[in-house]
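Participant: For reference, this is final-v3.cif, and it has mmCIF, C-alpha atoms.
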data_structure
#
loop_
_atom_site.label_atom_id
_atom_site.label_comp_id
_atom_site.auth_asym_id
_atom_site.auth_seq_id
_atom_site.Cartn_x
_atom_site.Cartn_y
_atom_site.Cartn_z
CA MET A 1 2.23 10.18 36.03
CA SER A 2 5.15 9.01 38.18
CA ARG A 3 7.69 6.56 36.79
CA LYS A 4 6.50 4.00 39.33
CA SER A 5 2.97 4.35 37.97
CA ILE A 6 4.22 4.02 34.38
CA TYR A 7 6.28 0.96 35.35
CA LEU A 8 3.30 -0.75 36.97
CA ALA A 9 0.87 0.19 34.17
CA GLU A 10 3.26 -1.25 31.58
CA LEU A 11 3.71 -4.33 33.75
CA ILE A 12 0.01 -5.08 33.50
CA PHE A 13 0.12 -4.45 29.75
CA ASN A 14 3.08 -6.83 29.33
CA LEU A 15 1.55 -9.49 31.57
CA ASN A 16 -1.56 -9.35 29.39
CA ARG A 17 0.52 -9.45 26.24
CA PHE A 18 3.00 -12.18 27.16
CA VAL A 19 1.49 -14.26 29.96
CA ASP A 20 -2.28 -14.13 30.43
CA LYS A 21 -5.19 -11.78 29.78
CA ASP A 22 -7.12 -13.08 32.78
CA ILE A 23 -5.37 -11.21 35.60
CA THR A 24 -6.35 -8.83 38.36
CA SER A 25 -3.92 -6.38 39.90
CA ARG A 26 -4.38 -5.51 43.55
CA PRO A 27 -3.50 -2.11 45.06
CA THR A 28 0.20 -1.37 45.37
CA GLU A 29 1.58 -1.45 48.90
CA ILE A 30 4.63 0.28 50.33
CA VAL A 31 6.81 -2.19 52.22
CA GLN A 32 9.98 -2.02 54.31
CA LYS A 33 11.18 -5.52 53.51
CA ILE A 34 10.41 -8.39 51.20
CA PRO A 35 10.34 -12.13 51.91
CA ASP A 36 13.65 -14.01 52.08
CA ASN A 37 12.46 -16.33 49.29
CA CYS A 38 12.43 -13.41 46.83
CA HIS A 39 15.52 -14.17 44.74
CA ILE A 40 14.48 -13.22 41.18
CA ALA A 41 15.61 -9.66 40.57
CA GLN A 42 17.09 -7.21 38.08
CA GLY A 43 18.67 -3.80 38.54
CA ILE A 44 17.86 -0.71 36.47
CA THR A 45 20.70 1.81 36.40
CA GLY A 46 21.18 5.23 34.84
CA ASP A 47 18.97 8.32 34.78
CA TYR A 48 16.33 6.19 36.48
CA THR A 49 17.71 3.74 39.04
CA ALA A 50 15.64 1.04 40.68
CA LEU A 51 15.53 -2.61 41.58
CA SER A 52 12.83 -4.90 40.24
CA ALA A 53 11.98 -8.33 41.59
CA LEU A 54 9.21 -10.86 41.84
CA TYR A 55 8.21 -13.73 44.08
CA ALA A 56 5.47 -16.30 44.43
CA GLU A 57 4.85 -19.74 45.88
CA PRO A 58 6.88 -22.36 43.97
CA GLN A 59 3.89 -23.93 42.17
CA VAL A 60 2.48 -20.52 41.24
CA LEU A 61 5.87 -19.47 39.91
CA THR A 62 6.01 -22.72 37.92
CA ASP A 63 2.62 -22.06 36.35
CA PHE A 64 3.61 -18.44 35.64
CA ALA A 65 6.84 -19.55 33.92
CA ALA A 66 5.00 -22.20 31.91
CA MET A 67 2.38 -19.76 30.66
CA TYR A 68 4.99 -17.17 29.72
CA SER A 69 7.41 -19.52 27.99
CA LYS A 70 4.87 -21.97 26.51
CA ILE A 71 7.17 -24.68 27.87
CA GLU A 72 5.57 -27.57 29.75
CA LEU A 73 6.66 -27.47 33.37
CA ASP A 74 5.19 -29.96 35.84
CA HIS A 75 7.08 -29.04 38.95
CA TYR A 76 9.27 -26.34 40.41
CA GLU A 77 12.93 -26.52 39.33
CA GLU A 78 15.75 -24.11 38.50
CA ILE A 79 14.49 -23.40 34.96
CA VAL A 80 11.34 -21.87 36.50
CA ASN A 81 13.42 -19.12 38.12
CA GLU A 82 15.30 -18.48 34.87
CA LEU A 83 12.07 -18.14 32.90
CA ALA A 84 10.50 -15.82 35.47
CA ALA A 85 13.69 -13.72 35.37
CA ASP A 86 13.40 -13.69 31.58
CA PHE A 87 9.95 -12.12 31.83
CA LEU A 88 11.32 -9.50 34.23
CA ASN A 89 14.14 -8.72 31.78
CA LEU A 90 11.70 -8.41 28.87
CA HIS A 91 9.32 -6.13 30.76
CA ASN A 92 12.13 -3.97 32.14
CA GLY A 93 13.67 -3.62 28.69
CA LEU A 94 10.40 -2.53 27.10
CA PHE A 95 9.79 -0.11 29.98
CA LEU A 96 13.21 1.49 29.40
CA VAL A 97 12.57 1.78 25.65
CA ASN A 98 9.35 3.67 26.37
CA LEU A 99 11.04 5.83 29.01
CA SER A 100 13.79 6.67 26.54
CA GLU A 101 11.34 7.57 23.77
CA ALA A 102 8.78 9.42 25.88
CA GLU A 103 10.97 11.23 28.39
CA ASN A 104 14.51 11.02 27.01
CA VAL A 105 15.46 9.17 30.19
CA GLU A 106 18.32 6.76 29.50
CA SER A 107 18.89 3.74 31.72
CA THR A 108 20.16 0.23 31.23
CA LEU A 109 19.77 -3.12 32.94
CA THR A 110 22.05 -5.39 34.91
CA PRO A 111 21.88 -9.13 34.16
CA PRO A 112 18.89 -10.66 35.97
CA VAL A 113 19.61 -12.90 38.94
CA SER A 114 17.52 -15.95 39.75
CA ASP A 115 19.67 -18.18 41.92
CA GLU A 116 18.18 -19.14 45.28
CA LYS A 117 21.71 -19.29 46.71
CA ASN A 118 22.14 -15.54 46.22
CA GLY A 119 21.92 -13.49 49.38
CA PRO A 120 18.99 -11.23 50.24
CA ILE A 121 18.13 -8.55 47.72
CA GLU A 122 19.24 -5.03 48.69
CA LEU A 123 16.35 -2.58 48.50
CA TYR A 124 16.34 1.17 48.02
CA SER A 125 14.31 3.49 50.24
CA ASP A 126 10.98 3.46 48.38
CA THR A 127 9.79 -0.08 47.84
CA TYR A 128 6.45 -1.06 46.39
CA VAL A 129 4.78 -4.44 46.01
CA MET A 130 2.04 -5.04 43.50
CA PRO A 131 0.30 -8.42 43.88
CA VAL A 132 -1.18 -9.71 40.64
CA ASP A 133 -3.79 -12.47 40.79
CA PHE A 134 -3.72 -15.11 38.06
CA THR A 135 -6.11 -18.03 37.82
CA PHE A 136 -3.42 -20.24 39.37
CA GLY A 137 -2.36 -17.92 42.22
CA THR A 138 -0.69 -14.63 43.07
CA VAL A 139 2.65 -13.30 41.82
CA ASN A 140 4.10 -10.34 43.70
CA PHE A 141 6.05 -7.75 41.71
CA ILE A 142 8.49 -5.44 43.47
CA LEU A 143 9.79 -2.05 42.42
CA SER A 144 12.32 -0.40 44.72
CA GLU A 145 13.30 3.11 43.61
CA LYS A 146 16.45 5.00 44.48
CA MET B 1 24.37 -17.57 -0.11
CA ASP B 2 21.18 -19.40 0.83
CA ILE B 3 19.89 -18.92 4.38
CA SER B 4 20.14 -22.67 5.00
CA GLU B 5 23.88 -22.55 4.33
CA LEU B 6 24.63 -19.91 6.94
CA LYS B 7 26.57 -20.76 10.08
CA VAL B 8 24.82 -18.82 12.85
CA MET B 9 25.92 -18.12 16.40
CA ILE B 10 23.39 -17.20 19.09
CA CYS B 11 24.72 -15.52 22.22
CA ASP B 12 22.22 -14.94 25.02
CA ASP B 13 22.16 -15.80 28.71
CA SER B 14 18.40 -16.39 28.48
CA LEU B 15 17.52 -19.97 27.62
CA LEU B 16 14.11 -18.84 26.36
CA ALA B 17 15.64 -16.25 24.03
CA ARG B 18 18.05 -18.89 22.70
CA LYS B 19 15.20 -21.35 22.20
CA ASN B 20 13.04 -18.78 20.38
CA LEU B 21 15.90 -17.79 18.07
CA ARG B 22 16.91 -21.41 17.49
CA ASP B 23 13.31 -22.38 16.63
CA GLY B 24 13.02 -19.36 14.30
CA LEU B 25 16.27 -20.22 12.55
CA LYS B 26 15.33 -23.88 12.15
CA GLY B 27 11.99 -22.80 10.72
CA LEU B 28 13.95 -20.97 8.03
CA GLY B 29 15.97 -24.09 7.24
CA CYS B 30 19.04 -22.93 9.09
CA ASN B 31 20.53 -25.82 11.09
CA ASN B 32 24.17 -24.89 11.53
CA ILE B 33 23.68 -23.12 14.85
CA LEU B 34 26.14 -22.48 17.67
CA GLU B 35 24.93 -21.36 21.09
CA VAL B 36 26.90 -19.50 23.75
CA PHE B 37 25.82 -17.80 26.96
CA ASP B 38 27.88 -14.65 27.56
CA GLY B 39 29.91 -12.04 25.73
CA GLN B 40 33.30 -13.59 26.43
CA GLU B 41 32.16 -16.94 25.06
CA ALA B 42 30.86 -15.08 22.00
CA VAL B 43 34.27 -13.53 21.34
CA ASP B 44 36.14 -16.81 21.90
CA THR B 45 33.75 -18.88 19.81
CA TYR B 46 33.64 -16.31 17.02
CA MET B 47 37.44 -16.46 16.68
CA SER B 48 37.49 -20.26 16.46
CA GLU B 49 34.29 -20.88 14.47
CA LYS B 50 33.96 -17.74 12.29
CA PRO B 51 30.16 -17.89 11.94
CA ASP B 52 28.51 -15.99 9.07
CA VAL B 53 26.19 -14.15 11.42
CA VAL B 54 25.99 -13.56 15.16
CA PHE B 55 22.82 -12.80 17.12
CA LEU B 56 24.09 -11.05 20.22
CA ASP B 57 22.20 -10.02 23.35
CA ILE B 58 23.32 -6.85 25.17
CA VAL B 59 22.66 -7.42 28.87
CA MET B 60 24.68 -10.48 29.83
CA PRO B 61 26.97 -11.57 32.66
CA VAL B 62 30.79 -11.74 32.34
CA LYS B 63 30.92 -9.48 29.26
CA ASP B 64 28.07 -7.44 27.78
CA GLY B 65 27.09 -7.68 24.14
CA ILE B 66 28.27 -4.19 23.14
CA THR B 67 31.78 -4.93 24.41
CA ALA B 68 31.74 -8.33 22.72
CA ALA B 69 30.60 -6.77 19.43
CA ARG B 70 33.38 -4.18 19.63
CA GLU B 71 36.00 -6.91 20.20
CA ILE B 72 34.67 -9.16 17.45
CA CYS B 73 34.46 -6.32 14.90
CA GLY B 74 37.87 -5.07 15.99
CA ALA B 75 39.34 -8.44 15.08
CA ASP B 76 37.16 -8.99 12.02
CA PRO B 77 35.64 -5.86 10.43
CA ASP B 78 33.56 -8.10 8.14
CA ALA B 79 31.77 -9.74 11.09
CA TYR B 80 27.99 -9.60 10.68
CA ILE B 81 26.50 -8.93 14.09
CA VAL B 82 22.81 -8.52 14.83
CA MET B 83 22.12 -7.19 18.29
CA VAL B 84 19.02 -8.70 19.92
CA SER B 85 17.85 -7.04 23.09
CA SER B 86 14.83 -6.08 25.16
CA VAL B 87 16.54 -2.71 25.77
CA GLY B 88 16.34 -1.15 22.32
CA THR B 89 16.85 2.42 23.51
CA GLN B 90 18.41 5.09 21.29
CA VAL B 91 21.59 5.00 23.38
CA HIS B 92 21.93 1.24 23.00
CA LEU B 93 21.22 1.46 19.27
CA ARG B 94 23.94 4.08 18.85
CA GLU B 95 26.39 2.07 20.95
CA ALA B 96 25.65 -1.09 18.99
CA ILE B 97 26.23 0.60 15.63
CA LYS B 98 29.39 2.27 16.93
CA ALA B 99 30.60 -1.15 18.09
CA GLY B 100 30.14 -2.48 14.56
CA ALA B 101 26.73 -4.18 14.68
CA LYS B 102 24.86 -4.25 11.36
CA ASP B 103 21.31 -4.68 12.66
CA PHE B 104 19.25 -4.47 15.84
CA LEU B 105 16.23 -6.58 16.78
CA GLN B 106 13.93 -5.67 19.65
CA LYS B 107 12.87 -8.62 21.81
CA PRO B 108 10.65 -10.53 21.65
CA THR B 109 11.84 -11.46 18.17
CA THR B 110 9.44 -12.67 15.51
CA PRO B 111 10.21 -15.15 12.70
CA GLU B 112 9.83 -12.27 10.20
CA GLN B 113 12.46 -10.17 11.98
CA ILE B 114 14.86 -13.12 11.96
CA ARG B 115 14.18 -13.79 8.28
CA ASN B 116 14.73 -10.14 7.37
CA ALA B 117 18.00 -10.02 9.28
CA LEU B 118 19.26 -13.16 7.54
CA GLU B 119 18.11 -11.99 4.11
CA HIS B 120 20.33 -8.95 4.47
CA ILE B 121 23.41 -11.11 4.85
CA SER B 122 22.40 -13.81 2.40
CA GLY B 123 21.63 -11.16 -0.23
CA GLY B 124 17.99 -12.23 -0.48
CA ASP B 125 16.71 -8.68 -0.21
CA GLU B 126 18.57 -7.41 -3.23
#
As structure tokens, how would this structure be written, given the file I've shared?
Facilitator:
Amino acid sequence: MSRKSIYLAELIFNLNRFVDKDITSRPTEIVQKIPDNCHIAQGITGDYTALSALYAEPQVLTDFAAMYSKIELDHYEEIVNELAADFLNLHNGLFLVNLSEAENVESTLTPPVSDEKNGPIELYSDTYVMPVDFTFGTVNFILSEK
Amino acid sequence: MDISELKVMICDDSLLARKNLRDGLKGLGCNNILEVFDGQEAVDTYMSEKPDVVFLDIVMPVKDGITAAREICGADPDAYIVMVSSVGTQVHLREAIKAGAKDFLQKPTTPEQIRNALEHISGGDE
């Protein structure tokens, strides 16, 4: 099983565990670029190096952040981005713990970024998007491997 | 010392992690809580406030938690630091202990984990 496949399988597991059980993952696509409004990201560095990110329509992202955090959020605001980035950080951390234990692969994380004012996210050569359908809309998860 | 008497500092750039820890601590009767957002603030606030226990994240902007733990323990070998991170790999565990941390909690933290960590310092587990 490739690390990308492990990452995406654990993503579904963690979405079920921390956000919602009622989700459907669509097939992963290889892409050359991602939308300019994708500004929530976190780097993975070390034996395994990659960039992770996610994007969705503002109201979908708001609902996603609310379900994850159990905080009431009526409309899109900066805290939504921070909470979505928090999920990314949690998932990435748990993925690296499993990678360390199962394969002795040691990597760490860079602080997540979630500010819309940040410039476009720099991708590596192999970039995958996995859309995940929730009852309230679709969140797109990115993994770009070095 | 009773858990409710402890002065606790939480250092995490994640507002959700701070909220979860704060709620857990308040649930244990602990209300003397300081909150900071990066490793440098943790070092500065530790020196001025001398909390009894510090919950310290690892991956943070400005200064990471391992570096902050090393600086705090360098200045005060009796500092009681509990690392709290989503990245609980063997390498991070080793680095945290080498830096002087006394305990390590894997995120997401549970109220039981927080209680156990505090009981170690308050002497409740003896």
Participant: Find the distance between CA of Glu5 in chain B and CA of Leu25 in chain B and write it in Å to one decimal.
Facilitator: 11.4 Å
Participant: Using only C-alpha atoms, determine which residues of chain A fall within 12 Å of chain B; present them as a count of residues only.
Facilitator: 50
Participant: What does the distance from CA of Leu123 in chain A to CA of Leu15 in chain A come to in Å, to one decimal?
Facilitator: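 Interatomic distance here is 23.5 Å.
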Participant: Need the neighbours of (1.1, -11.7, 36.4): which residues are at most 9 Å away, counting only C-alpha atoms, as a VMD selection string?
Facilitator: chain A and resid 11 to 12 14 to 16 19 to 20 23 to 25 64 131 to 134 138 to 141
Participant: To one decimal place in Å, what is the distance between CA of Ala9 in chain A and CA of Lys21 in chain A?
Facilitator: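 If I compute the distance from CA of Ala9 in chain A to CA of Lys21 in chain A, I get 14.1 Å.
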Participant: In terms of the shortest atom-to-atom distance over only C-alpha atoms, which of B:Val53, B:Leu28, B:Ala99, B:Val43 is closest to Met9 in chain B?
Facilitator: B:Val53
Participant: Decode the PyMOL selection byres ((chain B and resi 67-80) around 12) for the given file into explicit residues and return them as a PyMOL selection string.
Facilitator: chain B and resi 6-9+11-12+37-66+81-84+92+95-104+117-118+120-122
Participant: Using the chain letters and numbers from the file, give me the residues hit by the PyMOL selection byres ((chain B and resi 29) around 10), as a PyMOL selection string.
Facilitator: chain B and resi 2-6+23-28+30-32
Participant: What box, with edges along x, y and z, holds each listed atom of range 11-28 of chain B when 4 Å is added on every side, and can you state its centre and edge lengths in Å to one decimal, as AutoDock Vina command-line options?
Facilitator:
--center_x 18.4 --center_y -19.4 --center_z 18.4 --size_x 20.7 --size_y 16.9 --size_z 28.7
Participant: Give me the residues within 10 Å of Glu57 in chain A as a list in words, counting only C-alpha atoms and dropping any in the same chain fewer than 3 places off.
Facilitator: Asn37, Cys38, Val60, Leu61, Thr62, Tyr76, Gly137, Thr138, Val139 and Asn140 of chain A
Participant: Which residues would end up in the selection if the PyMOL selection byres ((chain A and resi 145) around 7) were applied here, given that I need the answer as JSON, numbers by chain?
Facilitator: {"A": [49, 50, 51, 124, 125, 126, 127, 143, 144, 146]}
Participant: Let me make sure I understand: among A:Thr135, A:Val129, A:Arg3, A:Asp74, which one has the smallest atom-to-atom distance to Ile34 in chain A if we use all atoms listed in the file?
Facilitator: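 When distances to Ile34 in chain A are compared using all atoms listed in the file, the smallest one comes from A:Val129.
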Participant: With N, CA and C atoms retained, output range 50-77 of chain A as a PDB file, in the first residue's frame.
Facilitator:
ATOM      1  N   ALA A  50       5.565  16.009   2.124  1.00  0.00           N
ATOM      2  CA  ALA A  50       4.371  16.255   1.318  1.00  0.00           C
ATOM      3  C   ALA A  50       3.713  17.556   1.784  1.00  0.00           C
ATOM      4  N   LEU A  51       2.743  17.980   1.020  1.00  0.00           N
ATOM      5  CA  LEU A  51       1.936  19.122   1.432  1.00  0.00           C
ATOM      6  C   LEU A  51       0.484  18.658   1.480  1.00  0.00           C
ATOM      7  N   SER A  52      -0.203  18.994   2.543  1.00  0.00           N
ATOM      8  CA  SER A  52      -1.617  18.653   2.650  1.00  0.00           C
ATOM      9  C   SER A  52      -2.426  19.949   2.647  1.00  0.00           C
ATOM     10  N   ALA A  53      -3.632  19.874   2.149  1.00  0.00           N
ATOM     11  CA  ALA A  53      -4.468  21.077   2.100  1.00  0.00           C
ATOM     12  C   ALA A  53      -5.924  20.651   1.969  1.00  0.00           C
ATOM     13  N   LEU A  54      -6.802  21.601   2.144  1.00  0.00           N
ATOM     14  CA  LEU A  54      -8.216  21.319   1.880  1.00  0.00           C
ATOM     15  C   LEU A  54      -8.916  22.597   1.443  1.00  0.00           C
ATOM     16  N   TYR A  55      -9.988  22.413   0.695  1.00  0.00           N
ATOM     17  CA  TYR A  55     -10.803  23.569   0.313  1.00  0.00           C
ATOM     18  C   TYR A  55     -12.244  23.139   0.098  1.00  0.00           C
ATOM     19  N   ALA A  56     -13.131  24.119   0.230  1.00  0.00           N
ATOM     20  CA  ALA A  56     -14.562  23.888   0.020  1.00  0.00           C
ATOM     21  C   ALA A  56     -15.226  25.244  -0.117  1.00  0.00           C
ATOM     22  N   GLU A  57     -16.457  25.244  -0.537  1.00  0.00           N
ATOM     23  CA  GLU A  57     -17.233  26.492  -0.564  1.00  0.00           C
ATOM     24  C   GLU A  57     -17.358  26.995   0.875  1.00  0.00           C
ATOM     25  N   PRO A  58     -17.420  28.345   1.055  1.00  0.00           N
ATOM     26  CA  PRO A  58     -17.410  28.897   2.412  1.00  0.00           C
ATOM     27  C   PRO A  58     -18.467  28.294   3.363  1.00  0.00           C
ATOM     28  N   GLN A  59     -19.693  28.108   2.875  1.00  0.00           N
ATOM     29  CA  GLN A  59     -20.720  27.578   3.794  1.00  0.00           C
ATOM     30  C   GLN A  59     -20.462  26.106   4.129  1.00  0.00           C
ATOM     31  N   VAL A  60     -19.931  25.379   3.167  1.00  0.00           N
ATOM     32  CA  VAL A  60     -19.598  23.961   3.405  1.00  0.00           C
ATOM     33  C   VAL A  60     -18.464  23.873   4.431  1.00  0.00           C
ATOM     34  N   LEU A  61     -17.470  24.750   4.246  1.00  0.00           N
ATOM     35  CA  LEU A  61     -16.350  24.769   5.186  1.00  0.00           C
ATOM     36  C   LEU A  61     -16.835  25.139   6.589  1.00  0.00           C
ATOM     37  N   THR A  62     -17.788  26.054   6.650  1.00  0.00           N
ATOM     38  CA  THR A  62     -18.364  26.462   7.938  1.00  0.00           C
ATOM     39  C   THR A  62     -19.051  25.280   8.619  1.00  0.00           C
ATOM     40  N   ASP A  63     -19.835  24.546   7.856  1.00  0.00           N
ATOM     41  CA  ASP A  63     -20.541  23.388   8.422  1.00  0.00           C
ATOM     42  C   ASP A  63     -19.546  22.295   8.849  1.00  0.00           C
ATOM     43  N   PHE A  64     -18.502  22.123   8.037  1.00  0.00           N
ATOM     44  CA  PHE A  64     -17.458  21.143   8.354  1.00  0.00           C
ATOM     45  C   PHE A  64     -16.781  21.516   9.677  1.00  0.00           C
ATOM     46  N   ALA A  65     -16.403  22.790   9.807  1.00  0.00           N
ATOM     47  CA  ALA A  65     -15.722  23.258  11.022  1.00  0.00           C
ATOM     48  C   ALA A  65     -16.631  23.127  12.241  1.00  0.00           C
ATOM     49  N   ALA A  66     -17.916  23.407  12.049  1.00  0.00           N
ATOM     50  CA  ALA A  66     -18.864  23.324  13.167  1.00  0.00           C
ATOM     51  C   ALA A  66     -19.034  21.880  13.632  1.00  0.00           C
ATOM     52  N   MET A  67     -19.115  20.964  12.676  1.00  0.00           N
ATOM     53  CA  MET A  67     -19.298  19.555  13.054  1.00  0.00           C
ATOM     54  C   MET A  67     -18.049  19.016  13.750  1.00  0.00           C
ATOM     55  N   TYR A  68     -16.898  19.418  13.266  1.00  0.00           N
ATOM     56  CA  TYR A  68     -15.644  18.945  13.864  1.00  0.00           C
ATOM     57  C   TYR A  68     -15.447  19.492  15.277  1.00  0.00           C
ATOM     58  N   SER A  69     -15.670  20.789  15.420  1.00  0.00           N
ATOM     59  CA  SER A  69     -15.336  21.444  16.691  1.00  0.00           C
ATOM     60  C   SER A  69     -16.458  21.399  17.715  1.00  0.00           C
ATOM     61  N   LYS A  70     -17.676  21.083  17.252  1.00  0.00           N
ATOM     62  CA  LYS A  70     -18.872  21.142  18.112  1.00  0.00           C
ATOM     63  C   LYS A  70     -19.108  22.585  18.601  1.00  0.00           C
ATOM     64  N   ILE A  71     -18.626  23.536  17.821  1.00  0.00           N
ATOM     65  CA  ILE A  71     -18.857  24.948  18.123  1.00  0.00           C
ATOM     66  C   ILE A  71     -19.922  25.452  17.146  1.00  0.00           C
ATOM     67  N   GLU A  72     -20.883  26.212  17.647  1.00  0.00           N
ATOM     68  CA  GLU A  72     -21.924  26.734  16.763  1.00  0.00           C
ATOM     69  C   GLU A  72     -21.356  27.811  15.867  1.00  0.00           C
ATOM     70  N   LEU A  73     -21.490  27.630  14.582  1.00  0.00           N
ATOM     71  CA  LEU A  73     -20.987  28.611  13.618  1.00  0.00           C
ATOM     72  C   LEU A  73     -22.088  28.869  12.593  1.00  0.00           C
ATOM     73  N   ASP A  74     -22.584  30.088  12.542  1.00  0.00           N
ATOM     74  CA  ASP A  74     -23.688  30.392  11.625  1.00  0.00           C
ATOM     75  C   ASP A  74     -23.200  30.777  10.238  1.00  0.00           C
ATOM     76  N   HIS A  75     -22.091  31.495  10.221  1.00  0.00           N
ATOM     77  CA  HIS A  75     -21.630  31.991   8.924  1.00  0.00           C
ATOM     78  C   HIS A  75     -20.107  31.906   8.842  1.00  0.00           C
ATOM     79  N   TYR A  76     -19.621  32.019   7.620  1.00  0.00           N
ATOM     80  CA  TYR A  76     -18.189  31.900   7.369  1.00  0.00           C
ATOM     81  C   TYR A  76     -17.426  33.082   7.964  1.00  0.00           C
ATOM     82  N   GLU A  77     -16.400  32.802   8.752  1.00  0.00           N
ATOM     83  CA  GLU A  77     -15.525  33.839   9.304  1.00  0.00           C
ATOM     84  C   GLU A  77     -14.159  33.205   9.551  1.00  0.00           C
TER      85      GLU A  77
END
